[in-house]
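*Asks:* My questions will all concern the structure given below.
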Amino acid sequence: MSETSAAAAPSGQTPSEGGARRGAAYDSAFLRAARREPVPHTPVWFMRQAGRSLPEYLKVREGIPMLDSCMMPELVKEITLQPVRRHKVDAAIFFSDIVVPLKAVGIDVDIKPGIGPVIADPIRTVEDLQRLRPLEPDDMPYITEAVGMLVEELGATPLIGFAGAPFTLASYLVEGGPSKSHEKTKAMMYGQPELWAALVDRLADITAAFLKIQIEAGASAVQLFDSWVGALAPDDYRRSVMPASSKVFDAVAGYGVPRIHFGVGTGELLPLMSQAGADVVGVDWRVPLNVAAERVGPGKALQGNLDPAVLYAPTHVVETKAREVLHAAQSLGGSGHIFNLGHGVMPSMDPDALTRLVAFVHEATER
């Protein structure tokens, strides 16, 4: 894939300025692994690597509400860079939140400490859908500014953009906040299938627009987080969720950047998540990578999948469990593996344990 093709927009436009900046990271271990090419070592990054486990993060975020911090480019830049400096990870993940685009289109959402996103007026009717207007680049100039600064600062280290998947965003919007059983969400999906389809389709457009903004500003890859989709059976996913997720992936396919798909508790959904259109499928800790490779099928890279709780064990245990992940990844034929946790970094995790893990994986897989 040439840099020209990697930067091309779906409309056939000429390569963007973001595409030119992306070129510095093109031969990074992370992007090579995402393309299933030979790598100098297995690349490592962690979901939620820029966050509450870092004392430097807590210091710069002190007194600043979460959503406010996502709209402050200089702060976003600093927080995104912190784990790259500390852990020497192979990629940065853009610091933001999955509800930022919802906030940008006018949804009354706040992130409550200890709770998560809370929607003031949940979406439950056809009339409520009118509040989900299209997302435009002018709605979030702070994203373009922050990504541009980061790409310039990161140089050869790739920046991963991200967004929440339509199902997970819909769940927050319908429930009004986090839910363990998703009863209101499923009630709409089963009982009002036309309203549900319209909701996730509209969210697919918003999500795709959010990813495009990040890519056009210079992000080298994107990840679609579907945190709650593991609550669904395969048939329900295929019928009621997969079309919207596929729409997102199709919308950004023309940019040529790797597209990662990750969900929690999705072992039974891996074949369908692969079909949805991602280039890289994230795997949580419940399914060994060699088994996941069979479910996902050929032609896809895998990301994962050390159990985050292992990081609380002694170093020799962490290394033993990491070796097990690396051994299972050998089923991919020596390429196409991005080492990650099977979920995000926990707030109480020792940052030094993450730094040691990155060094261990690099040393253990050096070619």
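Residue numbering restarts at 1 for every chain of the structure tokens, chains are lettered A, B, ... in their displayed order, and ligands are numbered from 1 as they appear.
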Using only C-alpha atoms, find each residue of segment 23-123 of chain A with at least one atom at most 7 Å away from an atom of segment 161-164 of chain A; report its shortest atom-to-atom pair and that distance in Å (one decimal), sort the rows by chain and rising residue number, and return the result as a Markdown table.

*Replies:*
```
| residue | atom | partner | partner_atom | distance |
| --- | --- | --- | --- | --- |
| A:Ile93 | CA | A:Gly161 | CA | 6.4 |
| A:Phe94 | CA | A:Gly161 | CA | 5.5 |
| A:Ile98 | CA | A:Gly164 | CA | 4.7 |
```

*Asks:* Name the residues in contact with segment 50-60 of chain A at a cut-off of 9 Å, using only C-alpha atoms, excluding same-chain residues fewer than 6 positions from it; report them as a JSON list (two decimals) with N, CA and C atoms, in the first residue's frame.

*Replies:*
```json
[["chain", "number", "residue", "atom", "x", "y", "z"],
["A", 75, "LEU", "N", -4.05, 19.96, 26.70],
["A", 75, "LEU", "CA", -4.17, 18.94, 27.74],
["A", 75, "LEU", "C", -4.30, 17.55, 27.11],
["A", 78, "GLU", "N", -0.88, 16.42, 26.04],
["A", 78, "GLU", "CA", -0.03, 16.00, 27.16],
["A", 78, "GLU", "C", -0.45, 14.64, 27.69],
["A", 79, "ILE", "N", -1.75, 14.43, 27.88],
["A", 79, "ILE", "CA", -2.21, 13.16, 28.44],
["A", 79, "ILE", "C", -1.94, 12.00, 27.49],
["A", 80, "THR", "N", -2.15, 12.23, 26.19],
["A", 80, "THR", "CA", -1.89, 11.18, 25.20],
["A", 80, "THR", "C", -0.42, 10.78, 25.16],
["A", 81, "LEU", "N", 0.45, 11.75, 25.36],
["A", 81, "LEU", "CA", 1.90, 11.48, 25.28],
["A", 81, "LEU", "C", 2.45, 10.82, 26.54],
["A", 82, "GLN", "N", 1.79, 10.98, 27.67],
["A", 82, "GLN", "CA", 2.34, 10.49, 28.93],
["A", 82, "GLN", "C", 2.71, 9.02, 28.91],
["A", 83, "PRO", "N", 1.86, 8.10, 28.49],
["A", 83, "PRO", "CA", 2.25, 6.69, 28.49],
["A", 83, "PRO", "C", 3.31, 6.35, 27.45],
["A", 84, "VAL", "N", 3.39, 7.13, 26.38],
["A", 84, "VAL", "CA", 4.45, 6.89, 25.40],
["A", 84, "VAL", "C", 5.80, 7.19, 26.01],
["A", 92, "ALA", "N", 0.33, 5.46, 20.40],
["A", 92, "ALA", "CA", -0.43, 6.30, 21.32],
["A", 92, "ALA", "C", -1.91, 6.15, 20.99],
["A", 93, "ILE", "N", -2.75, 6.20, 22.00],
["A", 93, "ILE", "CA", -4.19, 6.19, 21.79],
["A", 93, "ILE", "C", -4.71, 7.57, 22.16],
["A", 94, "PHE", "N", -5.44, 8.17, 21.24],
["A", 94, "PHE", "CA", -5.93, 9.53, 21.42],
["A", 94, "PHE", "C", -6.79, 9.63, 22.68],
["A", 95, "PHE", "N", -6.48, 10.60, 23.52],
["A", 95, "PHE", "CA", -7.24, 10.79, 24.75],
["A", 95, "PHE", "C", -8.54, 11.51, 24.45],
["A", 345, "VAL", "N", -6.50, -0.76, 31.05],
["A", 345, "VAL", "CA", -5.69, -0.61, 32.26],
["A", 345, "VAL", "C", -6.60, -0.16, 33.40],
["A", 346, "MET", "N", -6.44, -0.78, 34.55],
["A", 346, "MET", "CA", -7.26, -0.43, 35.71],
["A", 346, "MET", "C", -6.64, 0.75, 36.48],
["A", 347, "PRO", "N", -7.47, 1.59, 37.09],
["A", 347, "PRO", "CA", -6.94, 2.78, 37.76],
["A", 347, "PRO", "C", -5.92, 2.49, 38.85],
["A", 348, "SER", "N", -6.07, 1.37, 39.55],
["A", 348, "SER", "CA", -5.18, 1.07, 40.68],
["A", 348, "SER", "C", -3.93, 0.30, 40.26],
["A", 349, "MET", "N", -3.74, 0.09, 38.97],
["A", 349, "MET", "CA", -2.61, -0.70, 38.49],
["A", 349, "MET", "C", -1.30, 0.06, 38.66],
["A", 350, "ASP", "N", -0.24, -0.66, 39.00],
["A", 350, "ASP", "CA", 1.09, -0.07, 39.16],
["A", 350, "ASP", "C", 1.65, 0.26, 37.78],
["A", 351, "PRO", "N", 1.91, 1.54, 37.49],
["A", 351, "PRO", "CA", 2.43, 1.90, 36.17],
["A", 351, "PRO", "C", 3.76, 1.19, 35.84]]
```

*Asks:* Could you tell me, as a list in words, which residues of segment 125-302 of chain A DSSP assigns to strand (DSSP E) when given the backbone?

*Replies:* Leu159, Ile160, Gly161, Phe162, Ala163, Gly164, Ala221, Val222, Gln223, Leu224, Phe225, Asp226, Arg259, Ile260, His261, Phe262, Gly263, Val280, Val281, Gly282, Ala301 and Leu302 of chain A

*Asks:* For the helix (DSSP H, G or I) assignment from backbone DSSP, which residues of segment 45-261 of chain A qualify? Please present them as a ChimeraX atom specification.

*Replies:* /A:55-61,66-70,73-87,100-104,127-131,137-139,141-154,166-175,183-191,193-217,229-231,234-240,242-255

*Asks:* Within 7 Å of segment 303-307 of chain A, counting only C-alpha atoms, which residues show up once you throw out same-chain ones fewer than 4 positions away? Write them as an MDAnalysis selection string, please.

*Replies:* chainID A and resid 280:285 322 325 337:342

*Asks:* Okay, now the selection with N, CA and C atoms, as a short mmCIF file (atom, residue, chain, number, x, y, z; two decimals), in the first residue's frame?

*Replies:*
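Listed below is the output, out-v6.cif:
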```cif
data_model
loop_
_atom_site.label_atom_id
_atom_site.label_comp_id
_atom_site.auth_asym_id
_atom_site.auth_seq_id
_atom_site.Cartn_x
_atom_site.Cartn_y
_atom_site.Cartn_z
N VAL A 280 -8.15 -5.53 11.99
CA VAL A 280 -7.59 -6.09 13.21
C VAL A 280 -8.75 -6.35 14.18
N VAL A 281 -8.79 -7.55 14.74
CA VAL A 281 -9.85 -7.88 15.70
C VAL A 281 -9.25 -7.98 17.09
N GLY A 282 -9.76 -7.19 18.02
CA GLY A 282 -9.31 -7.26 19.39
C GLY A 282 -9.97 -8.42 20.11
N VAL A 283 -9.19 -9.08 20.98
CA VAL A 283 -9.66 -10.28 21.68
C VAL A 283 -9.50 -10.05 23.18
N ASP A 284 -10.57 -10.28 23.95
CA ASP A 284 -10.40 -10.15 25.39
C ASP A 284 -9.73 -11.41 25.94
N TRP A 285 -9.54 -11.47 27.25
CA TRP A 285 -8.70 -12.52 27.83
C TRP A 285 -9.39 -13.88 27.92
N ALA A 322 2.41 -13.60 30.00
CA ALA A 322 2.66 -12.90 28.73
C ALA A 322 3.25 -13.86 27.70
N VAL A 325 0.54 -15.80 26.05
CA VAL A 325 -0.13 -15.03 25.00
C VAL A 325 0.71 -15.03 23.74
N HIS A 337 0.27 -9.82 15.00
CA HIS A 337 -0.13 -9.78 16.40
C HIS A 337 0.27 -8.46 17.03
N ILE A 338 -0.68 -7.79 17.65
CA ILE A 338 -0.43 -6.59 18.44
C ILE A 338 -0.72 -6.95 19.89
N PHE A 339 0.29 -6.88 20.74
CA PHE A 339 0.12 -7.24 22.14
C PHE A 339 -0.64 -6.14 22.87
N ASN A 340 -1.63 -6.56 23.63
CA ASN A 340 -2.44 -5.63 24.42
C ASN A 340 -3.03 -6.41 25.57
N LEU A 341 -3.68 -5.73 26.46
CA LEU A 341 -4.45 -6.40 27.50
C LEU A 341 -5.78 -6.83 26.90
N GLY A 342 -6.46 -7.73 27.58
CA GLY A 342 -7.76 -8.17 27.11
C GLY A 342 -8.87 -7.19 27.45
#
```

*Asks:* Within 8 Å of Arg367 of chain A, counting only C-alpha atoms, which residues show up once you throw out same-chain ones fewer than 6 positions away? Write them as a ChimeraX atom specification, please.

*Replies:* /A:39-41

*Asks:* Store the residues of this selection in a file with N, CA, C and O atoms, as a PDB file, in the first residue's frame.

*Replies:*
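Once everything was written out, this is result.pdb:
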```pdb
ATOM      1  N   VAL A  39       7.710  -7.802  11.493  1.00  0.00           N
ATOM      2  CA  VAL A  39       7.987  -6.728  12.453  1.00  0.00           C
ATOM      3  C   VAL A  39       9.300  -7.002  13.182  1.00  0.00           C
ATOM      4  O   VAL A  39       9.709  -8.150  13.336  1.00  0.00           O
ATOM      5  N   PRO A  40       9.987  -5.937  13.650  1.00  0.00           N
ATOM      6  CA  PRO A  40      11.221  -6.130  14.412  1.00  0.00           C
ATOM      7  C   PRO A  40      10.975  -6.711  15.795  1.00  0.00           C
ATOM      8  O   PRO A  40      11.853  -7.327  16.390  1.00  0.00           O
ATOM      9  N   HIS A  41       9.782  -6.507  16.306  1.00  0.00           N
ATOM     10  CA  HIS A  41       9.343  -7.056  17.591  1.00  0.00           C
ATOM     11  C   HIS A  41       7.823  -6.945  17.636  1.00  0.00           C
ATOM     12  O   HIS A  41       7.222  -6.173  16.877  1.00  0.00           O
TER      13      HIS A  41
END
```

*Asks:* Would you please work out which residue, of A:Ala187, A:Val252, A:Leu129, A:Val241, is nearest to Leu269 of chain A when using only C-alpha atoms?

*Replies:*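 With only C-alpha atoms as the atom set, the closest residue is A:Val241.
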
*Asks:* If you measure from atom CA of Val257 of chain A to atom CA of Gly106 of chain A, what distance in Å do you get, rounded to one decimal?

*Replies:*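 Computing the Euclidean distance for atom CA of Val257 of chain A and atom CA of Gly106 of chain A yields 29.1 Å.
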
*Asks:* Quick one: contact table of segment 203-309 of chain A to segment 192-197 of chain A, 10 Å max, nearest atom pair and distance in Å to one decimal per residue, counting only C-alpha atoms, chain and number order, as CSV?

*Replies:*
```
residue,atom,partner,partner_atom,distance
A:Leu203,CA,A:Ala197,CA,9.9
A:Arg239,CA,A:Ala197,CA,9.7
A:Ser240,CA,A:Ala197,CA,6.9
A:Val241,CA,A:Ala197,CA,8.3
A:Pro243,CA,A:Ala197,CA,9.0
A:Ala244,CA,A:Ala197,CA,8.2
```

*Asks:* Can I get the selected residues back with all heavy atoms, as a PDB file, in the first residue's frame?

*Replies:*
```pdb
ATOM      1  N   LEU A 203     -26.393   6.649  14.531  1.00  0.00           N
ATOM      2  CA  LEU A 203     -25.152   6.633  15.319  1.00  0.00           C
ATOM      3  C   LEU A 203     -23.963   6.182  14.481  1.00  0.00           C
ATOM      4  O   LEU A 203     -22.835   6.629  14.701  1.00  0.00           O
ATOM      5  CB  LEU A 203     -25.328   5.733  16.541  1.00  0.00           C
ATOM      6  CG  LEU A 203     -26.245   6.287  17.632  1.00  0.00           C
ATOM      7  CD1 LEU A 203     -26.538   5.222  18.678  1.00  0.00           C
ATOM      8  CD2 LEU A 203     -25.614   7.520  18.290  1.00  0.00           C
ATOM      9  N   ARG A 239     -28.188  -9.562  13.088  1.00  0.00           N
ATOM     10  CA  ARG A 239     -29.397  -8.923  12.580  1.00  0.00           C
ATOM     11  C   ARG A 239     -29.489  -7.444  12.970  1.00  0.00           C
ATOM     12  O   ARG A 239     -29.872  -6.604  12.148  1.00  0.00           O
ATOM     13  CB  ARG A 239     -30.620  -9.675  13.101  1.00  0.00           C
ATOM     14  CG  ARG A 239     -31.962  -9.088  12.693  1.00  0.00           C
ATOM     15  CD  ARG A 239     -33.113  -9.970  13.151  1.00  0.00           C
ATOM     16  NE  ARG A 239     -33.045 -10.280  14.580  1.00  0.00           N
ATOM     17  CZ  ARG A 239     -32.729 -11.488  15.077  1.00  0.00           C
ATOM     18  NH1 ARG A 239     -32.440 -12.492  14.269  1.00  0.00           N
ATOM     19  NH2 ARG A 239     -32.706 -11.694  16.394  1.00  0.00           N
ATOM     20  N   SER A 240     -29.117  -7.128  14.206  1.00  0.00           N
ATOM     21  CA  SER A 240     -29.456  -5.816  14.755  1.00  0.00           C
ATOM     22  C   SER A 240     -28.283  -4.875  14.989  1.00  0.00           C
ATOM     23  O   SER A 240     -28.502  -3.693  15.277  1.00  0.00           O
ATOM     24  CB  SER A 240     -30.205  -5.992  16.093  1.00  0.00           C
ATOM     25  OG  SER A 240     -31.368  -6.781  15.915  1.00  0.00           O
ATOM     26  N   VAL A 241     -27.050  -5.379  14.887  1.00  0.00           N
ATOM     27  CA  VAL A 241     -25.883  -4.557  15.198  1.00  0.00           C
ATOM     28  C   VAL A 241     -24.873  -4.521  14.062  1.00  0.00           C
ATOM     29  O   VAL A 241     -24.341  -3.463  13.708  1.00  0.00           O
ATOM     30  CB  VAL A 241     -25.193  -5.073  16.481  1.00  0.00           C
ATOM     31  CG1 VAL A 241     -23.905  -4.314  16.751  1.00  0.00           C
ATOM     32  CG2 VAL A 241     -26.146  -4.948  17.670  1.00  0.00           C
ATOM     33  N   PRO A 243     -24.977  -4.563  10.790  1.00  0.00           N
ATOM     34  CA  PRO A 243     -25.110  -3.603   9.683  1.00  0.00           C
ATOM     35  C   PRO A 243     -24.584  -2.210  10.025  1.00  0.00           C
ATOM     36  O   PRO A 243     -23.956  -1.556   9.190  1.00  0.00           O
ATOM     37  CB  PRO A 243     -26.618  -3.584   9.415  1.00  0.00           C
ATOM     38  CG  PRO A 243     -27.089  -4.931   9.859  1.00  0.00           C
ATOM     39  CD  PRO A 243     -26.267  -5.243  11.075  1.00  0.00           C
ATOM     40  N   ALA A 244     -24.837  -1.747  11.251  1.00  0.00           N
ATOM     41  CA  ALA A 244     -24.383  -0.411  11.644  1.00  0.00           C
ATOM     42  C   ALA A 244     -22.869  -0.380  11.816  1.00  0.00           C
ATOM     43  O   ALA A 244     -22.200   0.573  11.385  1.00  0.00           O
ATOM     44  CB  ALA A 244     -25.074   0.020  12.940  1.00  0.00           C
TER      45      ALA A 244
END
```

*Asks:* By how many Å are atom CA of Thr42 of chain A and atom CA of Glu152 of chain A apart?

*Replies:*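 According to the coordinates, atom CA of Thr42 of chain A and atom CA of Glu152 of chain A are separated by 24.3 Å.
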
*Asks:* I'd like the neighbourhood of Ser69 of chain A as a list in words, where a residue qualifies if any of its atoms comes within 10 Å (using only C-alpha atoms), though same-chain residues fewer than 3 positions away should be ignored.

*Replies:* Val60, Arg61, Gly63, Ile64, Pro65, Met66, Met72, Pro73, Glu74, Leu75, Val76, Ile79, Phe95, Ser96 and Asp97 of chain A

*Asks:* Could you list, as a PyMOL selection string, every residue within 10 Å of Lys212 of chain A, counting only C-alpha atoms and ignoring same-chain residues fewer than 5 positions away?

*Replies:* chain A and resi 9+137+161+206-207+217-219+222+248+251-252+255

*Asks:* Quick one: write out the picked residues with all heavy atoms as an mmCIF file, in the first residue's frame?

*Replies:*
```
data_model
loop_
_atom_site.group_PDB
_atom_site.id
_atom_site.type_symbol
_atom_site.label_atom_id
_atom_site.label_comp_id
_atom_site.auth_asym_id
_atom_site.auth_seq_id
_atom_site.Cartn_x
_atom_site.Cartn_y
_atom_site.Cartn_z
ATOM 1 N N ALA A 9 -9.139 9.760 0.456
ATOM 2 C CA ALA A 9 -10.461 9.782 1.062
ATOM 3 C C ALA A 9 -11.427 8.982 0.210
ATOM 4 O O ALA A 9 -11.223 8.805 -0.974
ATOM 5 C CB ALA A 9 -10.935 11.229 1.199
ATOM 6 N N PRO A 137 -17.323 18.501 11.019
ATOM 7 C CA PRO A 137 -15.988 18.856 11.541
ATOM 8 C C PRO A 137 -15.977 20.145 12.349
ATOM 9 O O PRO A 137 -15.232 20.257 13.328
ATOM 10 C CB PRO A 137 -15.153 18.985 10.262
ATOM 11 C CG PRO A 137 -15.819 18.080 9.279
ATOM 12 C CD PRO A 137 -17.293 18.195 9.585
ATOM 13 N N GLY A 161 -6.721 6.719 16.540
ATOM 14 C CA GLY A 161 -7.967 7.396 16.826
ATOM 15 C C GLY A 161 -9.004 6.375 17.257
ATOM 16 O O GLY A 161 -8.818 5.173 17.072
ATOM 17 N N ILE A 206 -22.701 9.265 12.789
ATOM 18 C CA ILE A 206 -21.980 10.139 13.726
ATOM 19 C C ILE A 206 -20.615 9.553 14.044
ATOM 20 O O ILE A 206 -19.596 10.262 14.069
ATOM 21 C CB ILE A 206 -22.816 10.341 15.005
ATOM 22 C CG1 ILE A 206 -24.063 11.169 14.696
ATOM 23 C CG2 ILE A 206 -21.986 11.003 16.105
ATOM 24 C CD1 ILE A 206 -25.057 11.269 15.844
ATOM 25 N N THR A 207 -20.575 8.248 14.293
ATOM 26 C CA THR A 207 -19.313 7.579 14.610
ATOM 27 C C THR A 207 -18.341 7.664 13.446
ATOM 28 O O THR A 207 -17.144 7.944 13.630
ATOM 29 C CB THR A 207 -19.580 6.106 14.969
ATOM 30 O OG1 THR A 207 -20.360 6.058 16.163
ATOM 31 C CG2 THR A 207 -18.285 5.353 15.186
ATOM 32 N N ALA A 217 -7.033 14.438 10.239
ATOM 33 C CA ALA A 217 -6.070 15.257 10.987
ATOM 34 C C ALA A 217 -4.735 14.553 11.153
ATOM 35 O O ALA A 217 -3.754 15.181 11.570
ATOM 36 C CB ALA A 217 -6.641 15.624 12.356
ATOM 37 N N GLY A 218 -4.677 13.232 10.830
ATOM 38 C CA GLY A 218 -3.396 12.542 10.865
ATOM 39 C C GLY A 218 -3.320 11.246 11.635
ATOM 40 O O GLY A 218 -2.252 10.642 11.702
ATOM 41 N N ALA A 219 -4.425 10.764 12.233
ATOM 42 C CA ALA A 219 -4.378 9.493 12.953
ATOM 43 C C ALA A 219 -3.990 8.362 12.001
ATOM 44 O O ALA A 219 -4.452 8.303 10.858
ATOM 45 C CB ALA A 219 -5.730 9.194 13.594
ATOM 46 N N VAL A 222 -7.497 3.467 13.518
ATOM 47 C CA VAL A 222 -8.661 3.769 14.344
ATOM 48 C C VAL A 222 -9.169 2.486 14.995
ATOM 49 O O VAL A 222 -9.039 1.397 14.436
ATOM 50 C CB VAL A 222 -9.804 4.424 13.538
ATOM 51 C CG1 VAL A 222 -9.424 5.839 13.117
ATOM 52 C CG2 VAL A 222 -10.181 3.591 12.325
ATOM 53 N N VAL A 248 -19.902 1.811 9.578
ATOM 54 C CA VAL A 248 -18.787 2.626 10.077
ATOM 55 C C VAL A 248 -17.491 2.235 9.398
ATOM 56 O O VAL A 248 -16.745 3.088 8.892
ATOM 57 C CB VAL A 248 -18.657 2.493 11.606
ATOM 58 C CG1 VAL A 248 -17.423 3.245 12.095
ATOM 59 C CG2 VAL A 248 -19.903 3.001 12.309
ATOM 60 N N ALA A 251 -17.306 3.259 5.804
ATOM 61 C CA ALA A 251 -17.195 4.699 5.609
ATOM 62 C C ALA A 251 -15.757 5.191 5.656
ATOM 63 O O ALA A 251 -15.423 6.211 5.032
ATOM 64 C CB ALA A 251 -18.033 5.435 6.654
ATOM 65 N N VAL A 252 -14.900 4.487 6.388
ATOM 66 C CA VAL A 252 -13.499 4.929 6.506
ATOM 67 C C VAL A 252 -12.542 4.019 5.751
ATOM 68 O O VAL A 252 -11.318 4.220 5.810
ATOM 69 C CB VAL A 252 -13.074 5.042 7.987
ATOM 70 C CG1 VAL A 252 -13.933 6.067 8.708
ATOM 71 C CG2 VAL A 252 -13.143 3.700 8.698
ATOM 72 N N TYR A 255 -9.662 5.398 3.347
ATOM 73 C CA TYR A 255 -8.466 6.076 3.843
ATOM 74 C C TYR A 255 -7.263 5.146 3.915
ATOM 75 O O TYR A 255 -6.126 5.596 4.011
ATOM 76 C CB TYR A 255 -8.730 6.663 5.237
ATOM 77 C CG TYR A 255 -9.677 7.833 5.244
ATOM 78 C CD1 TYR A 255 -11.019 7.653 5.546
ATOM 79 C CD2 TYR A 255 -9.230 9.119 4.974
ATOM 80 C CE1 TYR A 255 -11.901 8.730 5.573
ATOM 81 C CE2 TYR A 255 -10.102 10.200 4.999
ATOM 82 C CZ TYR A 255 -11.435 9.995 5.293
ATOM 83 O OH TYR A 255 -12.303 11.063 5.314
#
```
